Amino acid sequence: MSFTTKYTNFVRYLYITMYNLSQISEMLNCPLRCNRQASANTQPQVSVLLTDSRSLTYARQTLFFALVTSRGDGHKYISSLYQKGVRAFVVSQPVDTFRNTCPEAWFLIVPDTLAALQQLAACHRQKFQLPVVGITGSNGKTIVKEWLYQLLHDVRHIVRSPRSYNSQVGVPLSVWQIEPTHDLALFEAGISQPGEMERLERIIRPTIGILTNIGTAHAAGFDSQNQKLQEKLQLFRSCDVIIYNADIPGIGDALELAGVGARSMAWTRRHKEAQINVHEVQHSADSTTVHYSILGIDGSFTIPMTDDASLENALNCLALMLYLAIEPEEIARRMSRLTPLAMRLEVVEGKRGCMLINDAYNCDLTSLEMALSFQQRRASGTMTNTLILSDILQAEMDERHRCTKLAQLCRLYNVGKLLCVGPESVRSARMMEEQLREAGLEIVFQAFGSTQELLESPELNHIQNELVLIKGARDFQFERIGEALQLRRHETILEVNLDAIVHNLNRYRSHLNPDTRLTCMVKAFGYGTGSYELAKTLQDQNVDYLAVAVADEGADLRRQGIRVPIIVMNPEMSAFRTIIENHLEPEVYSFRLMEAFMAETQAMGVTHYPVHIKIDSGMHRLGFQPHEMDQLISRLQHQDALTVRSVFSHFATADDPAQEAFVHEQKRRFDLCADRIREAFPYPILRHICNSAGIEKYAQYQMEMCRLGIGLYGFEASEVKMDLEPVAALKSTILQIKDIPATETVGYMRNGRLNRDSRIAMVPIGYADGYDRRLGNGHADMLVQGKRCPTLGNVCMDVTFIDVTDCPEAREGDEVEIFGQHLPLTELSDKLGTICYEVLSTVSTRVKRVYYKE
């Protein structure tokens, strides 16, 4: 039996809804076209909607929507998806282009592919009658959704938004998941500008609404907080009931103004008129107990959290469970088992050449598939994909269904080793082995009854050169597995937010024309943040080029599976062979370098090798000077070793408002040189001169390509505000705290002089980690428990002293922020009289990098 036949039988067995293209054409009211070799009996059956070409799984059941945005055009991925087996496409451009490359393709032709995606999801939603919970607000949407899943997944067959799929694209993809077996749906809806919620409401059609905390998040696209609130309330226009905090100022008037006629299931802590009254809230060191009443019945529950945000989220969950007629005693039992969400996926270095992907905060098939997709994108080809998985306890799936689906996921995402943990895994081990064989897989499979059993087995010690995904429900405490496999170097870490990288990239892309190419700088170990994970993330975002400083950096990226073209900005003559063998593209800035590289290409039998010609337009660092153009062009015309891929220069003063005139002069000089080179050759040659500051201030000079450096890492390069997000946070812990009398001194040379009895904390970071000695003796602060604590005494090689006298809550083991979201890196660079690039790039490689996604 073929894989396609097995899969088709599998999805039918699970009642997955499938549509043929004729049905979809009717839903979208659009023409359906097939290429010359396609026929009616080959019309695909669709069960999967795809908008991101990198996330392809079930090709034959996929319908690809070629979305057109300011950052890209999905139509350019149609041919490559066709080669991978996709046969159905929704397009907004003429299909004649694909007649030869996609002979058996089917096309649904629409004016707007995003609108078509939303319309199709809305039609799918209309086929189901079930309670649908629509969740919106400024903060807490994902937590409320995930907590409701934790609270109800064993008694309800729940479909929910994957992670934070709450956008104009994410919502229709979420709603498309509804199947006949589901009896409760939980969907988030997020907006960033007026008019968006009306479109999302038509897709979700919630019967129950939950309004979470209303704060300042995502307010930039609105004239006022009131306008934002009115827009969010549009989600609830057709609801039967709405759950909200009656203590939100003006909420009653806002609901009336928005025309929301739904019944209220409101809660209050201020004894207003509401259905649920919270009488008392009791806080302990590690939990919160809530006493409430509804319809004259008293109830209480305890959650293992102490912050106000968690309390508010829990009260929204309480209201829904009461509305679903769950008894207060049962609610209390379930609330006590709530676990905080680790709202991020971490990538860290493991022992014995491994990389670890830690996603151990929930475990269901939807989130598992997303995590496997992330793992597959990071696969280098030299590592085995290993999955360590806890029991998947979903009410709607029996043992056979679960094992069948898991086997198919292992096949789709090239899992080479599967370690399952939990009593269900042991009971179904034989079934799992059968399904793996049915899927044609010969992989290592073992089942363990508990996390402790796996930890005590020799199996973890046998894991080497593997990309390990650790995916488990909270109850299984899979963080212990992560700790056992993680490479322990140092208690000081540099956290790198990969989502912030994507956000910053898109902020700069929004300043450029859609067809302008972008080179992203990952030189100097990614400005200190680490090259490989950044390069992989940027490759996923379809950047056009990466740039490194030296050939060895580029070769390392190639060995780890990076395929994007890579420019070497400082090619050394001793590394020419490395450049050519790894298909790197060198910058050429002098005749001596050019002649030497041509000699190497000839020795290796290589012709027309791509290079990038550097012009010195006024910075006078590297590059050919304008008076050398005749000689340069003549030499390039009389050889076949090199092909000029681009010609470029570098602004010296784009970040200085006082020197704007020199920016224009550099551009004038560059144009004279670049135009002459382009005119001398019959093939296209790219031009680029804008760096981060150039994109911010001189986007009119973007030409065919720009280079993005420090802006990518969260720092504006000029006075222009770009709404960037910090990428890196340097954190450590308190090793020890001592009470030192005022008569004593601290540190080398006794420079840490005290003027009072003090509490002094030792932090394991020193100048060997890149923490500059000039930051000692009170010249910088660190953050402990949200309070600034000044340095004291000299910075040592491995330890720095901080004064925590004014932070009495500080304890040994507490986290210390050296720079990050709450303590800007620019504060340190200003105190050192330098630039943030220098501080970030000098963080030592002995400081462990931890990469994460929200």
# chains A, B, ... in the order shown; residues from 1 in each chain; ligands from 1
$ select_by_dssp --residues "region 228-412 of chain A" --states "strand (DSSP E or B)" --output "PyMOL selection string"
chain A and resi 241-243+245+263-264+267-268+276-283+288-294+297-303+345-350+355-358+360+362+384-390
$ closest_residue --among "A:Met705, A:Ile566, A:Asn582, A:Ser55" --to "Phe374 (chain A)" --atoms "only C-alpha atoms"
A:Ser55
$ residues_around --residues "region 65-76 of chain A" --least-positions-apart "4" --cutoff "7 Å" --atoms "only C-alpha atoms" --output "ChimeraX atom specification"
/A:50-51,89-91,113-114,509-510,514
$ residues_around --residues "His511 (chain A)" --least-positions-apart "3" --cutoff "10 Å" --atoms "only C-alpha atoms" --output "list in words"
Ser70, Asn506, Arg507, Tyr508, Pro514, Ile695, Glu696, Lys697, Tyr698, Ala699, Gln700, Gln702 and Met722 of chain A
$ write_last_selection --atoms "C-alpha atoms" --output "PDB file, in the first residue's frame"
ATOM      1  CA  SER A  70       4.764  44.027   1.677  1.00  0.00           C
ATOM      2  CA  ASN A 506      10.347  42.974   9.121  1.00  0.00           C
ATOM      3  CA  ARG A 507      10.522  46.510  10.508  1.00  0.00           C
ATOM      4  CA  TYR A 508      13.393  47.280   8.133  1.00  0.00           C
ATOM      5  CA  PRO A 514       9.069  44.600  -1.952  1.00  0.00           C
ATOM      6  CA  ILE A 695      17.729  52.191   5.509  1.00  0.00           C
ATOM      7  CA  GLU A 696      16.379  54.252   8.397  1.00  0.00           C
ATOM      8  CA  LYS A 697      17.173  57.674   6.932  1.00  0.00           C
ATOM      9  CA  TYR A 698      17.967  57.335   3.228  1.00  0.00           C
ATOM     10  CA  ALA A 699      15.613  54.671   1.901  1.00  0.00           C
ATOM     11  CA  GLN A 700      15.579  56.556  -1.407  1.00  0.00           C
ATOM     12  CA  GLN A 702      18.078  51.515  -1.455  1.00  0.00           C
ATOM     13  CA  MET A 722      12.075  51.993  14.301  1.00  0.00           C
TER      14      MET A 722
END
$ closest_residue --among "A:Glu256, A:Asp671, A:Glu466, A:Asp798" --to "Glu349 (chain A)" --atoms "only C-alpha atoms"
A:Glu466
$ residues_around --residues "Leu469 (chain A)" --least-positions-apart "3" --cutoff "8 Å" --atoms "only C-alpha atoms" --output "count of residues only"
11
$ closest_residue --among "A:Gly747, A:Gly137, A:Gly296, A:Pro684" --to "Glu231 (chain A)" --atoms "only C-alpha atoms"
A:Gly137
$ residues_around --residues "region 605-607 of chain A" --least-positions-apart "4" --cutoff "6 Å" --atoms "only C-alpha atoms" --output "count of residues only"
3
$ closest_atom_pairs --of "region 742-811 of chain A" --to "region 727-730 of chain A" --cutoff "12 Å" --atoms "only C-alpha atoms" --output "CSV"
residue,atom,partner,partner_atom,distance
A:Pro764,CA,A:Leu730,CA,11.9
A:Ile765,CA,A:Leu730,CA,10.0
A:Asp769,CA,A:Leu730,CA,10.6
A:Gly770,CA,A:Leu730,CA,10.7
A:Tyr771,CA,A:Leu730,CA,10.2
A:Met782,CA,A:Leu730,CA,10.3
A:Leu783,CA,A:Leu730,CA,10.9
$ write_last_selection --atoms "all heavy atoms" --output "short mmCIF file (atom, residue, chain, number, x, y, z; two decimals), in the first residue's frame"
data_model
loop_
_atom_site.label_atom_id
_atom_site.label_comp_id
_atom_site.auth_asym_id
_atom_site.auth_seq_id
_atom_site.Cartn_x
_atom_site.Cartn_y
_atom_site.Cartn_z
N PRO A 764 28.50 35.52 39.07
CA PRO A 764 29.55 34.84 38.29
C PRO A 764 29.69 35.38 36.88
O PRO A 764 29.45 34.69 35.89
CB PRO A 764 29.08 33.38 38.28
CG PRO A 764 27.59 33.47 38.35
CD PRO A 764 27.31 34.65 39.23
N ILE A 765 30.13 36.63 36.78
CA ILE A 765 30.47 37.22 35.50
C ILE A 765 31.64 38.17 35.75
O ILE A 765 31.66 38.90 36.75
CB ILE A 765 29.28 37.98 34.85
CG1 ILE A 765 29.68 38.49 33.47
CG2 ILE A 765 28.77 39.10 35.75
CD1 ILE A 765 28.50 39.04 32.68
N ASP A 769 34.36 37.13 30.74
CA ASP A 769 33.08 36.93 30.07
C ASP A 769 32.71 38.11 29.18
O ASP A 769 31.66 38.09 28.53
CB ASP A 769 31.97 36.72 31.10
CG ASP A 769 32.27 35.57 32.04
OD1 ASP A 769 32.35 34.43 31.54
OD2 ASP A 769 32.43 35.81 33.25
N GLY A 770 33.53 39.17 29.20
CA GLY A 770 33.24 40.35 28.42
C GLY A 770 32.65 41.49 29.22
O GLY A 770 32.24 42.52 28.65
N TYR A 771 32.59 41.34 30.56
CA TYR A 771 32.08 42.43 31.39
C TYR A 771 33.25 43.34 31.73
O TYR A 771 34.15 42.99 32.50
CB TYR A 771 31.44 41.88 32.67
CG TYR A 771 30.60 42.89 33.41
CD1 TYR A 771 29.40 43.35 32.88
CD2 TYR A 771 31.00 43.38 34.65
CE1 TYR A 771 28.63 44.28 33.56
CE2 TYR A 771 30.24 44.31 35.33
CZ TYR A 771 29.06 44.76 34.78
OH TYR A 771 28.30 45.69 35.46
N MET A 782 23.25 46.30 38.19
CA MET A 782 22.60 45.07 37.74
C MET A 782 21.22 45.02 38.37
O MET A 782 20.98 45.66 39.39
CB MET A 782 23.43 43.84 38.12
CG MET A 782 24.80 43.77 37.46
SD MET A 782 25.67 42.23 37.87
CE MET A 782 27.31 42.58 37.19
N LEU A 783 20.33 44.26 37.75
CA LEU A 783 18.94 44.23 38.20
C LEU A 783 18.67 42.93 38.96
O LEU A 783 18.88 41.84 38.42
CB LEU A 783 18.02 44.34 36.99
CG LEU A 783 16.72 45.12 37.16
CD1 LEU A 783 17.00 46.55 37.57
CD2 LEU A 783 15.93 45.11 35.86
#
$ atom_distance --atom1 "CA of His124 (chain A)" --atom2 "CA of Cys34 (chain A)"
23.7 Å
$ residues_around --residues "Arg559 (chain A)" --least-positions-apart "3" --cutoff "10 Å" --atoms "only C-alpha atoms" --output "PyMOL selection string"
chain A and resi 380-382+554-556+562-563+582
$ write_last_selection --atoms "C-alpha atoms" --output "mmCIF file, in the first residue's frame"
data_model
loop_
_atom_site.group_PDB
_atom_site.id
_atom_site.type_symbol
_atom_site.label_atom_id
_atom_site.label_comp_id
_atom_site.auth_asym_id
_atom_site.auth_seq_id
_atom_site.Cartn_x
_atom_site.Cartn_y
_atom_site.Cartn_z
ATOM 1 C CA SER A 380 21.633 20.154 9.444
ATOM 2 C CA GLY A 381 21.787 16.777 7.725
ATOM 3 C CA THR A 382 24.626 15.656 9.990
ATOM 4 C CA GLY A 554 30.900 31.009 6.377
ATOM 5 C CA ALA A 555 32.287 27.465 6.221
ATOM 6 C CA ASP A 556 30.854 26.730 9.684
ATOM 7 C CA ILE A 562 22.850 27.051 5.730
ATOM 8 C CA ARG A 563 22.143 27.326 1.990
ATOM 9 C CA ASN A 582 31.985 26.162 0.459
#
$ atom_distance --atom1 "CA of Val850 (chain A)" --atom2 "CA of Val496 (chain A)"
6.0 Å
$ select_by_dssp --residues "region 484-642 of chain A" --states "helix (DSSP H, G or I)" --output "VMD selection string"
chain A and resid 484 to 485 498 to 509 523 to 527 531 to 540 551 to 559 573 to 581 591 to 603 626 to 637
$ closest_residue --among "A:Trp176, A:Tyr748, A:Tyr532, A:Tyr19" --to "Leu49 (chain A)" --atoms "only C-alpha atoms"
A:Trp176
$ closest_residue --among "A:Pro610, A:Pro808, A:Pro44, A:Pro172" --to "Gly85 (chain A)" --atoms "only C-alpha atoms"
A:Pro44
$ closest_residue --among "A:Gln477, A:Thr212, A:Thr57, A:Ser22" --to "Thr451 (chain A)" --atoms "only C-alpha atoms"
A:Gln477
$ atom_distance --atom1 "CA of Ile326 (chain A)" --atom2 "CA of His279 (chain A)"
20.3 Å
